[in-house]
Structure formats: structure tokens, C-alpha cells
>>> print(open('query-v2.pdb').read())   # PDB, N, CA and C atoms
MODEL        1
ATOM      1  N   MET A   7     105.525 -14.236 -29.801
ATOM      2  CA  MET A   7     104.092 -14.233 -29.613
ATOM      3  C   MET A   7     103.512 -15.487 -30.264
ATOM      4  N   PRO A   8     102.576 -16.193 -29.591
ATOM      5  CA  PRO A   8     102.032 -17.422 -30.144
ATOM      6  C   PRO A   8     101.179 -17.150 -31.387
ATOM      7  N   SER A   9     101.195 -18.101 -32.322
ATOM      8  CA  SER A   9     100.389 -17.927 -33.525
ATOM      9  C   SER A   9      98.931 -18.260 -33.215
ATOM     10  N   GLY A  10      98.036 -17.735 -34.070
ATOM     11  CA  GLY A  10      96.616 -17.991 -33.894
ATOM     12  C   GLY A  10      95.943 -16.979 -32.990
ATOM     13  N   GLY A  11      96.715 -16.069 -32.415
ATOM     14  CA  GLY A  11      96.150 -15.072 -31.527
ATOM     15  C   GLY A  11      95.682 -13.843 -32.282
ATOM     16  N   LEU A  12      95.309 -12.833 -31.534
ATOM     17  CA  LEU A  12      94.799 -11.598 -32.106
ATOM     18  C   LEU A  12      95.790 -10.969 -33.073
ATOM     19  N   ALA A  13      97.069 -11.007 -32.751
ATOM     20  CA  ALA A  13      98.076 -10.397 -33.615
ATOM     21  C   ALA A  13      98.102 -11.052 -34.994
ATOM     22  N   ASP A  14      97.784 -12.330 -35.082
ATOM     23  CA  ASP A  14      97.754 -13.024 -36.373
ATOM     24  C   ASP A  14      96.515 -12.664 -37.184
ATOM     25  N   ARG A  15      95.482 -12.148 -36.519
ATOM     26  CA  ARG A  15      94.249 -11.800 -37.219
ATOM     27  C   ARG A  15      94.139 -10.307 -37.486
ATOM     28  N   CYS A  16      95.193  -9.543 -37.199
ATOM     29  CA  CYS A  16      95.194  -8.102 -37.401
ATOM     30  C   CYS A  16      96.286  -7.726 -38.391
ATOM     31  N   TYR A  17      96.071  -6.619 -39.070
ATOM     32  CA  TYR A  17      97.058  -6.142 -40.033
ATOM     33  C   TYR A  17      98.232  -5.496 -39.321
ATOM     34  N   GLN A  18      99.398  -5.681 -39.891
ATOM     35  CA  GLN A  18     100.596  -5.019 -39.422
ATOM     36  C   GLN A  18     100.837  -3.808 -40.324
ATOM     37  N   ALA A  19     101.568  -2.841 -39.866
ATOM     38  CA  ALA A  19     101.838  -1.632 -40.643
ATOM     39  C   ALA A  19     102.432  -1.987 -42.000
ATOM     40  N   GLY A  20     101.889  -1.410 -43.066
ATOM     41  CA  GLY A  20     102.402  -1.610 -44.405
ATOM     42  C   GLY A  20     101.949  -2.887 -45.098
ATOM     43  N   GLU A  21     101.215  -3.738 -44.410
ATOM     44  CA  GLU A  21     100.764  -5.001 -44.998
ATOM     45  C   GLU A  21      99.617  -4.739 -45.978
ATOM     46  N   ARG A  22      99.632  -5.415 -47.104
ATOM     47  CA  ARG A  22      98.586  -5.251 -48.120
ATOM     48  C   ARG A  22      97.281  -5.858 -47.621
ATOM     49  N   ARG A  23      96.223  -5.095 -47.729
ATOM     50  CA  ARG A  23      94.915  -5.569 -47.277
ATOM     51  C   ARG A  23      94.259  -6.458 -48.313
ATOM     52  N   GLU A  24      93.643  -7.503 -47.851
ATOM     53  CA  GLU A  24      92.859  -8.380 -48.714
ATOM     54  C   GLU A  24      91.441  -7.818 -48.792
ATOM     55  N   ILE A  25      90.656  -8.342 -49.688
ATOM     56  CA  ILE A  25      89.261  -7.944 -49.803
ATOM     57  C   ILE A  25      88.484  -8.650 -48.697
ATOM     58  N   CYS A  26      87.751  -7.897 -47.924
ATOM     59  CA  CYS A  26      86.979  -8.457 -46.815
ATOM     60  C   CYS A  26      85.811  -9.283 -47.356
ATOM     61  N   SER A  27      85.617 -10.448 -46.806
ATOM     62  CA  SER A  27      84.540 -11.325 -47.254
ATOM     63  C   SER A  27      83.208 -11.023 -46.565
ATOM     64  N   MET A  28      83.217 -10.221 -45.515
ATOM     65  CA  MET A  28      81.994  -9.980 -44.744
ATOM     66  C   MET A  28      80.814  -9.482 -45.586
ATOM     67  N   PRO A  29      80.982  -8.520 -46.501
ATOM     68  CA  PRO A  29      79.824  -8.053 -47.267
ATOM     69  C   PRO A  29      79.243  -9.100 -48.226
ATOM     70  N   PHE A  30      79.923 -10.223 -48.371
ATOM     71  CA  PHE A  30      79.467 -11.272 -49.285
ATOM     72  C   PHE A  30      78.886 -12.478 -48.549
ATOM     73  N   THR A  31      79.091 -12.525 -47.239
ATOM     74  CA  THR A  31      78.655 -13.687 -46.475
ATOM     75  C   THR A  31      77.773 -13.337 -45.280
ATOM     76  N   ASP A  32      77.853 -12.112 -44.806
ATOM     77  CA  ASP A  32      77.169 -11.716 -43.576
ATOM     78  C   ASP A  32      76.486 -10.369 -43.751
ATOM     79  N   MET A  33      75.569 -10.092 -42.852
ATOM     80  CA  MET A  33      75.047  -8.748 -42.707
ATOM     81  C   MET A  33      74.823  -8.537 -41.215
ATOM     82  N   CYS A  34      75.018  -7.341 -40.781
ATOM     83  CA  CYS A  34      74.846  -7.018 -39.367
ATOM     84  C   CYS A  34      73.550  -6.242 -39.213
ATOM     85  N   ILE A  35      72.672  -6.733 -38.369
ATOM     86  CA  ILE A  35      71.432  -6.020 -38.067
ATOM     87  C   ILE A  35      71.575  -5.467 -36.661
ATOM     88  N   HIS A  36      71.680  -4.147 -36.581
ATOM     89  CA  HIS A  36      71.829  -3.484 -35.288
ATOM     90  C   HIS A  36      70.480  -3.458 -34.552
ATOM     91  N   SER A  37      70.510  -3.185 -33.277
ATOM     92  CA  SER A  37      69.298  -3.216 -32.451
ATOM     93  C   SER A  37      68.232  -2.222 -32.906
ATOM     94  N   ASN A  38      68.626  -1.192 -33.642
ATOM     95  CA  ASN A  38      67.647  -0.216 -34.139
ATOM     96  C   ASN A  38      67.111  -0.581 -35.521
ATOM     97  N   GLY A  39      67.550  -1.716 -36.080
ATOM     98  CA  GLY A  39      67.074  -2.180 -37.374
ATOM     99  C   GLY A  39      67.963  -1.818 -38.543
ATOM    100  N   ILE A  40      68.969  -0.969 -38.320
ATOM    101  CA  ILE A  40      69.891  -0.585 -39.389
ATOM    102  C   ILE A  40      70.732  -1.804 -39.773
ATOM    103  N   VAL A  41      70.873  -2.021 -41.071
ATOM    104  CA  VAL A  41      71.653  -3.146 -41.596
ATOM    105  C   VAL A  41      72.917  -2.600 -42.238
ATOM    106  N   GLY A  42      74.038  -3.191 -41.877
ATOM    107  CA  GLY A  42      75.321  -2.769 -42.424
ATOM    108  C   GLY A  42      76.230  -3.952 -42.646
ATOM    109  N   ALA A  43      77.426  -3.651 -43.100
ATOM    110  CA  ALA A  43      78.375  -4.685 -43.485
ATOM    111  C   ALA A  43      79.125  -5.294 -42.307
ATOM    112  N   CYS A  44      79.197  -4.589 -41.187
ATOM    113  CA  CYS A  44      80.099  -5.021 -40.125
ATOM    114  C   CYS A  44      79.508  -4.748 -38.748
ATOM    115  N   CYS A  45      79.621  -5.709 -37.861
ATOM    116  CA  CYS A  45      79.103  -5.532 -36.504
ATOM    117  C   CYS A  45      79.957  -4.571 -35.682
ATOM    118  N   SER A  46      81.133  -4.244 -36.169
ATOM    119  CA  SER A  46      81.980  -3.257 -35.483
ATOM    120  C   SER A  46      81.579  -1.829 -35.816
ATOM    121  N   ASP A  47      80.672  -1.656 -36.753
ATOM    122  CA  ASP A  47      80.267  -0.342 -37.243
ATOM    123  C   ASP A  47      79.118   0.229 -36.405
ATOM    124  N   TRP A  48      79.443   0.719 -35.221
ATOM    125  CA  TRP A  48      78.425   1.272 -34.331
ATOM    126  C   TRP A  48      77.977   2.668 -34.747
ATOM    127  N   LYS A  49      78.651   3.272 -35.713
ATOM    128  CA  LYS A  49      78.247   4.602 -36.194
ATOM    129  C   LYS A  49      77.488   4.506 -37.515
ATOM    130  N   PHE A  50      77.220   3.300 -37.971
ATOM    131  CA  PHE A  50      76.418   3.027 -39.165
ATOM    132  C   PHE A  50      77.021   3.605 -40.445
ATOM    133  N   ALA A  51      78.329   3.605 -40.539
ATOM    134  CA  ALA A  51      79.020   4.122 -41.730
ATOM    135  C   ALA A  51      78.865   3.198 -42.920
ATOM    136  N   THR A  52      78.573   1.925 -42.680
ATOM    137  CA  THR A  52      78.416   0.968 -43.782
ATOM    138  C   THR A  52      76.947   0.604 -43.980
ATOM    139  N   GLU A  53      76.056   1.440 -43.537
ATOM    140  CA  GLU A  53      74.610   1.178 -43.622
ATOM    141  C   GLU A  53      74.155   1.015 -45.069
ATOM    142  N   TYR A  54      73.374  -0.020 -45.317
ATOM    143  CA  TYR A  54      72.773  -0.178 -46.629
ATOM    144  C   TYR A  54      71.338  -0.689 -46.556
ATOM    145  N   GLY A  55      70.708  -0.546 -45.417
ATOM    146  CA  GLY A  55      69.307  -0.936 -45.303
ATOM    147  C   GLY A  55      68.775  -0.751 -43.897
ATOM    148  N   ASP A  56      67.465  -0.969 -43.761
ATOM    149  CA  ASP A  56      66.775  -0.833 -42.479
ATOM    150  C   ASP A  56      65.632  -1.844 -42.470
ATOM    151  N   VAL A  57      65.702  -2.822 -41.571
ATOM    152  CA  VAL A  57      64.674  -3.864 -41.525
ATOM    153  C   VAL A  57      63.319  -3.324 -41.092
ATOM    154  N   ASN A  58      63.273  -2.113 -40.569
ATOM    155  CA  ASN A  58      61.993  -1.498 -40.212
ATOM    156  C   ASN A  58      61.242  -1.014 -41.447
ATOM    157  N   ARG A  59      61.953  -0.905 -42.568
ATOM    158  CA  ARG A  59      61.348  -0.392 -43.800
ATOM    159  C   ARG A  59      61.421  -1.360 -44.973
ATOM    160  N   GLU A  60      62.333  -2.350 -44.905
ATOM    161  CA  GLU A  60      62.558  -3.251 -46.034
ATOM    162  C   GLU A  60      62.683  -4.686 -45.544
ATOM    163  N   HIS A  61      62.330  -5.610 -46.390
ATOM    164  CA  HIS A  61      62.528  -7.031 -46.098
ATOM    165  C   HIS A  61      64.018  -7.353 -46.269
ATOM    166  N   LEU A  62      64.511  -8.308 -45.505
ATOM    167  CA  LEU A  62      65.935  -8.670 -45.578
ATOM    168  C   LEU A  62      66.374  -9.036 -46.987
ATOM    169  N   SER A  63      65.540  -9.764 -47.714
ATOM    170  CA  SER A  63      65.930 -10.148 -49.073
ATOM    171  C   SER A  63      66.040  -8.919 -49.978
ATOM    172  N   GLU A  64      65.216  -7.904 -49.752
ATOM    173  CA  GLU A  64      65.316  -6.668 -50.530
ATOM    174  C   GLU A  64      66.615  -5.941 -50.207
ATOM    175  N   ILE A  65      67.003  -5.964 -48.944
ATOM    176  CA  ILE A  65      68.254  -5.313 -48.534
ATOM    177  C   ILE A  65      69.445  -6.064 -49.128
ATOM    178  N   TRP A  66      69.475  -7.391 -48.955
ATOM    179  CA  TRP A  66      70.600  -8.203 -49.420
ATOM    180  C   TRP A  66      70.778  -8.109 -50.929
ATOM    181  N   ASN A  67      69.678  -8.074 -51.657
ATOM    182  CA  ASN A  67      69.728  -8.018 -53.113
ATOM    183  C   ASN A  67      69.615  -6.594 -53.654
ATOM    184  N   GLY A  68      69.606  -5.618 -52.774
ATOM    185  CA  GLY A  68      69.389  -4.239 -53.165
ATOM    186  C   GLY A  68      70.604  -3.537 -53.749
ATOM    187  N   LYS A  69      70.319  -2.413 -54.363
ATOM    188  CA  LYS A  69      71.350  -1.622 -55.043
ATOM    189  C   LYS A  69      72.446  -1.158 -54.088
ATOM    190  N   ARG A  70      72.086  -0.672 -52.905
ATOM    191  CA  ARG A  70      73.098  -0.147 -51.977
ATOM    192  C   ARG A  70      74.062  -1.240 -51.522
ATOM    193  N   HIS A  71      73.537  -2.439 -51.286
ATOM    194  CA  HIS A  71      74.403  -3.548 -50.876
ATOM    195  C   HIS A  71      75.325  -3.955 -52.021
ATOM    196  N   ARG A  72      74.784  -4.067 -53.246
ATOM    197  CA  ARG A  72      75.615  -4.411 -54.405
ATOM    198  C   ARG A  72      76.701  -3.362 -54.628
ATOM    199  N   GLU A  73      76.347  -2.081 -54.481
ATOM    200  CA  GLU A  73      77.348  -1.021 -54.652
ATOM    201  C   GLU A  73      78.458  -1.151 -53.618
ATOM    202  N   PHE A  74      78.097  -1.484 -52.377
ATOM    203  CA  PHE A  74      79.099  -1.675 -51.330
ATOM    204  C   PHE A  74      80.000  -2.857 -51.673
ATOM    205  N   GLN A  75      79.396  -3.956 -52.111
ATOM    206  CA  GLN A  75      80.179  -5.133 -52.497
ATOM    207  C   GLN A  75      81.144  -4.798 -53.631
ATOM    208  N   CYS A  76      80.661  -4.100 -54.641
ATOM    209  CA  CYS A  76      81.506  -3.752 -55.791
ATOM    210  C   CYS A  76      82.636  -2.811 -55.389
ATOM    211  N   ALA A  77      82.341  -1.878 -54.487
ATOM    212  CA  ALA A  77      83.391  -0.978 -53.996
ATOM    213  C   ALA A  77      84.472  -1.769 -53.279
ATOM    214  N   MET A  78      84.068  -2.754 -52.501
ATOM    215  CA  MET A  78      85.031  -3.600 -51.797
ATOM    216  C   MET A  78      85.868  -4.392 -52.803
ATOM    217  N   LEU A  79      85.221  -4.970 -53.804
ATOM    218  CA  LEU A  79      85.935  -5.764 -54.810
ATOM    219  C   LEU A  79      86.890  -4.920 -55.631
ATOM    220  N   ALA A  80      86.510  -3.667 -55.890
ATOM    221  CA  ALA A  80      87.351  -2.768 -56.674
ATOM    222  C   ALA A  80      88.432  -2.113 -55.818
ATOM    223  N   ARG A  81      88.446  -2.471 -54.531
ATOM    224  CA  ARG A  81      89.407  -1.917 -53.562
ATOM    225  C   ARG A  81      89.311  -0.393 -53.488
ATOM    226  N   LYS A  82      88.076   0.123 -53.678
ATOM    227  CA  LYS A  82      87.861   1.564 -53.526
ATOM    228  C   LYS A  82      87.956   1.903 -52.047
ATOM    229  N   PRO A  83      88.418   3.105 -51.733
ATOM    230  CA  PRO A  83      88.535   3.475 -50.327
ATOM    231  C   PRO A  83      87.163   3.556 -49.654
ATOM    232  N   ILE A  84      86.993   2.797 -48.617
ATOM    233  CA  ILE A  84      85.797   2.853 -47.782
ATOM    234  C   ILE A  84      86.291   3.341 -46.429
ATOM    235  N   PRO A  85      85.987   4.596 -46.070
ATOM    236  CA  PRO A  85      86.589   5.187 -44.870
ATOM    237  C   PRO A  85      86.485   4.316 -43.623
ATOM    238  N   PHE A  86      85.330   3.755 -43.347
ATOM    239  CA  PHE A  86      85.204   2.924 -42.148
ATOM    240  C   PHE A  86      86.131   1.719 -42.220
ATOM    241  N   CYS A  87      86.158   1.075 -43.375
ATOM    242  CA  CYS A  87      86.964  -0.141 -43.540
ATOM    243  C   CYS A  87      88.464   0.156 -43.553
ATOM    244  N   ALA A  88      88.837   1.351 -43.978
ATOM    245  CA  ALA A  88      90.258   1.703 -44.053
ATOM    246  C   ALA A  88      90.929   1.653 -42.690
ATOM    247  N   ALA A  89      90.167   1.889 -41.638
ATOM    248  CA  ALA A  89      90.737   1.884 -40.287
ATOM    249  C   ALA A  89      90.687   0.501 -39.636
ATOM    250  N   CYS A  90      90.126  -0.463 -40.326
ATOM    251  CA  CYS A  90      89.970  -1.806 -39.757
ATOM    252  C   CYS A  90      91.329  -2.481 -39.586
ATOM    253  N   MET A  91      91.500  -3.112 -38.478
ATOM    254  CA  MET A  91      92.728  -3.851 -38.204
ATOM    255  C   MET A  91      92.521  -5.350 -38.384
ATOM    256  N   ARG A  92      91.288  -5.772 -38.574
ATOM    257  CA  ARG A  92      90.952  -7.192 -38.634
ATOM    258  C   ARG A  92      91.127  -7.745 -40.035
ATOM    259  N   LYS A  93      91.818  -8.835 -40.147
ATOM    260  CA  LYS A  93      91.950  -9.505 -41.443
ATOM    261  C   LYS A  93      90.638 -10.230 -41.739
ATOM    262  N   PRO A  94      90.241 -10.260 -43.013
ATOM    263  CA  PRO A  94      89.004 -10.972 -43.343
ATOM    264  C   PRO A  94      89.146 -12.463 -43.058
ATOM    265  N   PRO A  95      88.048 -13.098 -42.664
ATOM    266  CA  PRO A  95      88.132 -14.522 -42.345
ATOM    267  C   PRO A  95      88.393 -15.400 -43.558
ATOM    268  N   ASP A  96      87.981 -14.948 -44.718
ATOM    269  CA  ASP A  96      88.173 -15.719 -45.945
ATOM    270  C   ASP A  96      88.776 -14.809 -47.002
ATOM    271  N   ARG A  97      89.487 -15.408 -47.936
ATOM    272  CA  ARG A  97      90.048 -14.645 -49.057
ATOM    273  C   ARG A  97      89.073 -14.681 -50.221
ATOM    274  N   ILE A  98      88.933 -13.555 -50.894
ATOM    275  CA  ILE A  98      88.115 -13.473 -52.097
ATOM    276  C   ILE A  98      89.061 -13.665 -53.276
ATOM    277  N   GLU A  99      88.909 -14.771 -53.943
ATOM    278  CA  GLU A  99      89.711 -15.046 -55.125
ATOM    279  C   GLU A  99      88.964 -14.519 -56.351
ATOM    280  N   GLU A 100      89.675 -14.025 -57.329
ATOM    281  CA  GLU A 100      89.114 -13.533 -58.580
ATOM    282  C   GLU A 100      87.985 -12.520 -58.354
ATOM    283  N   PRO A 101      88.282 -11.372 -57.758
ATOM    284  CA  PRO A 101      87.232 -10.385 -57.476
ATOM    285  C   PRO A 101      86.525  -9.862 -58.720
ATOM    286  N   GLU A 102      87.214  -9.825 -59.849
ATOM    287  CA  GLU A 102      86.592  -9.328 -61.079
ATOM    288  C   GLU A 102      85.430 -10.221 -61.512
ATOM    289  N   ILE A 103      85.606 -11.531 -61.388
ATOM    290  CA  ILE A 103      84.547 -12.472 -61.767
ATOM    291  C   ILE A 103      83.361 -12.329 -60.824
ATOM    292  N   LEU A 104      83.625 -12.189 -59.538
ATOM    293  CA  LEU A 104      82.548 -12.011 -58.565
ATOM    294  C   LEU A 104      81.796 -10.710 -58.838
ATOM    295  N   MET A 105      82.511  -9.634 -59.183
ATOM    296  CA  MET A 105      81.857  -8.370 -59.478
ATOM    297  C   MET A 105      80.949  -8.521 -60.703
ATOM    298  N   GLN A 106      81.400  -9.242 -61.725
ATOM    299  CA  GLN A 106      80.566  -9.467 -62.908
ATOM    300  C   GLN A 106      79.290 -10.208 -62.549
ATOM    301  N   LYS A 107      79.400 -11.200 -61.673
ATOM    302  CA  LYS A 107      78.216 -11.947 -61.249
ATOM    303  C   LYS A 107      77.242 -11.054 -60.474
ATOM    304  N   ILE A 108      77.776 -10.193 -59.631
ATOM    305  CA  ILE A 108      76.922  -9.279 -58.852
ATOM    306  C   ILE A 108      76.190  -8.331 -59.804
ATOM    307  N   MET A 109      76.924  -7.769 -60.755
ATOM    308  CA  MET A 109      76.317  -6.825 -61.689
ATOM    309  C   MET A 109      75.326  -7.533 -62.621
ATOM    310  N   LYS A 110      75.619  -8.757 -63.009
ATOM    311  CA  LYS A 110      74.704  -9.525 -63.851
ATOM    312  C   LYS A 110      73.404  -9.789 -63.103
ATOM    313  N   GLY A 111      73.510 -10.111 -61.816
ATOM    314  CA  GLY A 111      72.318 -10.324 -60.985
ATOM    315  C   GLY A 111      71.502  -9.054 -60.834
ATOM    316  N   ALA A 112      72.153  -7.913 -60.855
ATOM    317  CA  ALA A 112      71.453  -6.633 -60.731
ATOM    318  C   ALA A 112      70.652  -6.331 -61.977
ATOM    319  N   ALA A 113      71.107  -6.851 -63.111
ATOM    320  CA  ALA A 113      70.446  -6.560 -64.386
ATOM    321  C   ALA A 113      69.194  -7.412 -64.586
ATOM    322  N   THR A 114      69.070  -8.495 -63.830
ATOM    323  CA  THR A 114      67.904  -9.372 -64.023
ATOM    324  C   THR A 114      66.747  -8.976 -63.159
TER     325      THR A 114
ENDMDL
END
>>> encode(input="query-v2.pdb", output="C-alpha cells")
Amino acid sequence: MPSGGLADRCYQAGERREICSMPFTDMCIHSNGIVGACCSDWKFATEYGDVNREHLSEIWNGKRHREFQCAMLARKPIPFCAACMRKPPDRIEEPEILMQKIMKGAAT
């Protein structure tokens, strides 16, 4: 199978999952205004805001988004993400340091 294709961007059975970079670089705004971590989440399992009720900056800097980011960094089980076959586009190096920065920002 040629490299660079879909198989190279998907997890194989038993492969260790990396921390997904999507919750740190992107947000998905669905057509109904629900904001979540992933555009593949059509059931809104990763929902952490609603643009009909909150400003985007409030959602991005909000408690629910930070909690989702920290759960991802701590490799806590996120049911929706556990079934994901897609490898993250970027690697998160030193997740502990990033988590400290997120929590420090929450305290200010």
C-alpha cells in the first residue's frame, strides 16, 4: 500500500494513541451553533459551547474547553475519541507542561 494514504493516517490495532492536537488548535462549529472538539462529532459528544449563547472567546477560554483539553492531555478515556481511527495531525510534546499552562491561564 502506498505511503501517505488513508492507512498511514489511521491507527492500526494495538498501536499506542498520541494526544490529539485538535482541541488545542481548532474548534468545530456545527450548523446549529454547538461547538465541539471535532468535526466528525455529529452527535455532539465533545460539546463544550454554543455560539447562540456565548461568544467564541468565552467558549475557547471557558472551563468546559479547558477540562476537555486537560482530559486529552492526561490521556483520560473520552468515549467519542476512543473510537477515532484518525491520527492527530500534530504531536503534542510535553503534555504536562501544556496542562500547567492551561490551568495557570484558568486561574487568572
>>> closest_residue(input="query-v2.pdb", among="A:Cys34, A:Asp47, A:Tyr54, A:Arg81", to="Lys69 in chain A", atoms="only N, CA and C atoms")
A:Tyr54
>>> residues_around(input="query-v2.pdb", residues="Asp32 in chain A", least_positions_apart="2", cutoff="8 Å", atoms="only N, CA and C atoms", output="MDAnalysis selection string")
chainID A and resid 27:30 34:35 42:44
>>> write_last_selection(input="query-v2.pdb", atoms="N, CA and C atoms", output="mmCIF file, in the coordinates of the input")
data_model
loop_
_atom_site.group_PDB
_atom_site.id
_atom_site.type_symbol
_atom_site.label_atom_id
_atom_site.label_comp_id
_atom_site.auth_asym_id
_atom_site.auth_seq_id
_atom_site.Cartn_x
_atom_site.Cartn_y
_atom_site.Cartn_z
ATOM 1 N N SER A 27 85.617 -10.448 -46.806
ATOM 2 C CA SER A 27 84.540 -11.325 -47.254
ATOM 3 C C SER A 27 83.208 -11.023 -46.565
ATOM 4 N N MET A 28 83.217 -10.221 -45.515
ATOM 5 C CA MET A 28 81.994 -9.980 -44.744
ATOM 6 C C MET A 28 80.814 -9.482 -45.586
ATOM 7 N N PRO A 29 80.982 -8.520 -46.501
ATOM 8 C CA PRO A 29 79.824 -8.053 -47.267
ATOM 9 C C PRO A 29 79.243 -9.100 -48.226
ATOM 10 N N PHE A 30 79.923 -10.223 -48.371
ATOM 11 C CA PHE A 30 79.467 -11.272 -49.285
ATOM 12 C C PHE A 30 78.886 -12.478 -48.549
ATOM 13 N N CYS A 34 75.018 -7.341 -40.781
ATOM 14 C CA CYS A 34 74.846 -7.018 -39.367
ATOM 15 C C CYS A 34 73.550 -6.242 -39.213
ATOM 16 N N ILE A 35 72.672 -6.733 -38.369
ATOM 17 C CA ILE A 35 71.432 -6.020 -38.067
ATOM 18 C C ILE A 35 71.575 -5.467 -36.661
ATOM 19 N N GLY A 42 74.038 -3.191 -41.877
ATOM 20 C CA GLY A 42 75.321 -2.769 -42.424
ATOM 21 C C GLY A 42 76.230 -3.952 -42.646
ATOM 22 N N ALA A 43 77.426 -3.651 -43.100
ATOM 23 C CA ALA A 43 78.375 -4.685 -43.485
ATOM 24 C C ALA A 43 79.125 -5.294 -42.307
ATOM 25 N N CYS A 44 79.197 -4.589 -41.187
ATOM 26 C CA CYS A 44 80.099 -5.021 -40.125
ATOM 27 C C CYS A 44 79.508 -4.748 -38.748
#
>>> residues_around(input="query-v2.pdb", residues="Met109 in chain A", least_positions_apart="3", cutoff="12 Å", atoms="only C-alpha atoms", output="PDB file with N, CA and C atoms, in the coordinates of the input")
ATOM      1  N   ASN A  67      69.678  -8.074 -51.657  1.00  0.00           N
ATOM      2  CA  ASN A  67      69.728  -8.018 -53.113  1.00  0.00           C
ATOM      3  C   ASN A  67      69.615  -6.594 -53.654  1.00  0.00           C
ATOM      4  N   GLY A  68      69.606  -5.618 -52.774  1.00  0.00           N
ATOM      5  CA  GLY A  68      69.389  -4.239 -53.165  1.00  0.00           C
ATOM      6  C   GLY A  68      70.604  -3.537 -53.749  1.00  0.00           C
ATOM      7  N   LYS A  69      70.319  -2.413 -54.363  1.00  0.00           N
ATOM      8  CA  LYS A  69      71.350  -1.622 -55.043  1.00  0.00           C
ATOM      9  C   LYS A  69      72.446  -1.158 -54.088  1.00  0.00           C
ATOM     10  N   HIS A  71      73.537  -2.439 -51.286  1.00  0.00           N
ATOM     11  CA  HIS A  71      74.403  -3.548 -50.876  1.00  0.00           C
ATOM     12  C   HIS A  71      75.325  -3.955 -52.021  1.00  0.00           C
ATOM     13  N   ARG A  72      74.784  -4.067 -53.246  1.00  0.00           N
ATOM     14  CA  ARG A  72      75.615  -4.411 -54.405  1.00  0.00           C
ATOM     15  C   ARG A  72      76.701  -3.362 -54.628  1.00  0.00           C
ATOM     16  N   GLU A  73      76.347  -2.081 -54.481  1.00  0.00           N
ATOM     17  CA  GLU A  73      77.348  -1.021 -54.652  1.00  0.00           C
ATOM     18  C   GLU A  73      78.458  -1.151 -53.618  1.00  0.00           C
ATOM     19  N   PHE A  74      78.097  -1.484 -52.377  1.00  0.00           N
ATOM     20  CA  PHE A  74      79.099  -1.675 -51.330  1.00  0.00           C
ATOM     21  C   PHE A  74      80.000  -2.857 -51.673  1.00  0.00           C
ATOM     22  N   GLN A  75      79.396  -3.956 -52.111  1.00  0.00           N
ATOM     23  CA  GLN A  75      80.179  -5.133 -52.497  1.00  0.00           C
ATOM     24  C   GLN A  75      81.144  -4.798 -53.631  1.00  0.00           C
ATOM     25  N   CYS A  76      80.661  -4.100 -54.641  1.00  0.00           N
ATOM     26  CA  CYS A  76      81.506  -3.752 -55.791  1.00  0.00           C
ATOM     27  C   CYS A  76      82.636  -2.811 -55.389  1.00  0.00           C
ATOM     28  N   ALA A  77      82.341  -1.878 -54.487  1.00  0.00           N
ATOM     29  CA  ALA A  77      83.391  -0.978 -53.996  1.00  0.00           C
ATOM     30  C   ALA A  77      84.472  -1.769 -53.279  1.00  0.00           C
ATOM     31  N   LEU A  79      85.221  -4.970 -53.804  1.00  0.00           N
ATOM     32  CA  LEU A  79      85.935  -5.764 -54.810  1.00  0.00           C
ATOM     33  C   LEU A  79      86.890  -4.920 -55.631  1.00  0.00           C
ATOM     34  N   GLU A 102      87.214  -9.825 -59.849  1.00  0.00           N
ATOM     35  CA  GLU A 102      86.592  -9.328 -61.079  1.00  0.00           C
ATOM     36  C   GLU A 102      85.430 -10.221 -61.512  1.00  0.00           C
ATOM     37  N   ILE A 103      85.606 -11.531 -61.388  1.00  0.00           N
ATOM     38  CA  ILE A 103      84.547 -12.472 -61.767  1.00  0.00           C
ATOM     39  C   ILE A 103      83.361 -12.329 -60.824  1.00  0.00           C
ATOM     40  N   LEU A 104      83.625 -12.189 -59.538  1.00  0.00           N
ATOM     41  CA  LEU A 104      82.548 -12.011 -58.565  1.00  0.00           C
ATOM     42  C   LEU A 104      81.796 -10.710 -58.838  1.00  0.00           C
ATOM     43  N   MET A 105      82.511  -9.634 -59.183  1.00  0.00           N
ATOM     44  CA  MET A 105      81.857  -8.370 -59.478  1.00  0.00           C
ATOM     45  C   MET A 105      80.949  -8.521 -60.703  1.00  0.00           C
ATOM     46  N   GLN A 106      81.400  -9.242 -61.725  1.00  0.00           N
ATOM     47  CA  GLN A 106      80.566  -9.467 -62.908  1.00  0.00           C
ATOM     48  C   GLN A 106      79.290 -10.208 -62.549  1.00  0.00           C
ATOM     49  N   ALA A 112      72.153  -7.913 -60.855  1.00  0.00           N
ATOM     50  CA  ALA A 112      71.453  -6.633 -60.731  1.00  0.00           C
ATOM     51  C   ALA A 112      70.652  -6.331 -61.977  1.00  0.00           C
ATOM     52  N   ALA A 113      71.107  -6.851 -63.111  1.00  0.00           N
ATOM     53  CA  ALA A 113      70.446  -6.560 -64.386  1.00  0.00           C
ATOM     54  C   ALA A 113      69.194  -7.412 -64.586  1.00  0.00           C
ATOM     55  N   THR A 114      69.070  -8.495 -63.830  1.00  0.00           N
ATOM     56  CA  THR A 114      67.904  -9.372 -64.023  1.00  0.00           C
ATOM     57  C   THR A 114      66.747  -8.976 -63.159  1.00  0.00           C
TER      58      THR A 114
END
>>> closest_residue(input="query-v2.pdb", among="A:Ile25, A:Thr52, A:Asn58, A:Ala88", to="Asn38 in chain A", atoms="only N, CA and C atoms")
A:Asn58
>>> atom_distance(input="query-v2.pdb", atom1="atom C of Arg92 in chain A", atom2="atom N of Trp48 in chain A")
15.2 Å
>>> atom_distance(input="query-v2.pdb", atom1="atom N of Cys45 in chain A", atom2="CA of Arg59 in chain A")
19.9 Å
>>> atom_distance(input="query-v2.pdb", atom1="CA of Ala89 in chain A", atom2="CA of Ala51 in chain A")
12.0 Å
>>> select_by_dssp(input="query-v2.pdb", residues="range 27-74 of chain A", states="alpha helix (DSSP H)", output="list in words")
Met28, Pro29, Phe30, Thr31, Leu62, Ser63, Glu64, Ile65, Trp66, Lys69, Arg70, His71, Arg72, Glu73 and Phe74 of chain A
>>> select_by_dssp(input="query-v2.pdb", residues="range 20-108 of chain A", states="strand (DSSP E or B)", output="PyMOL selection string")
chain A and resi 34-35+40-42+53-56+92
>>> closest_residue(input="query-v2.pdb", among="A:Val41, A:Cys26, A:Ala80, A:Cys87", to="His61 in chain A", atoms="only C-alpha atoms")
A:Val41
>>> closest_residue(input="query-v2.pdb", among="A:Ile98, A:Arg70, A:Ile84, A:Val57", to="His36 in chain A", atoms="all atoms listed in the file")
A:Val57
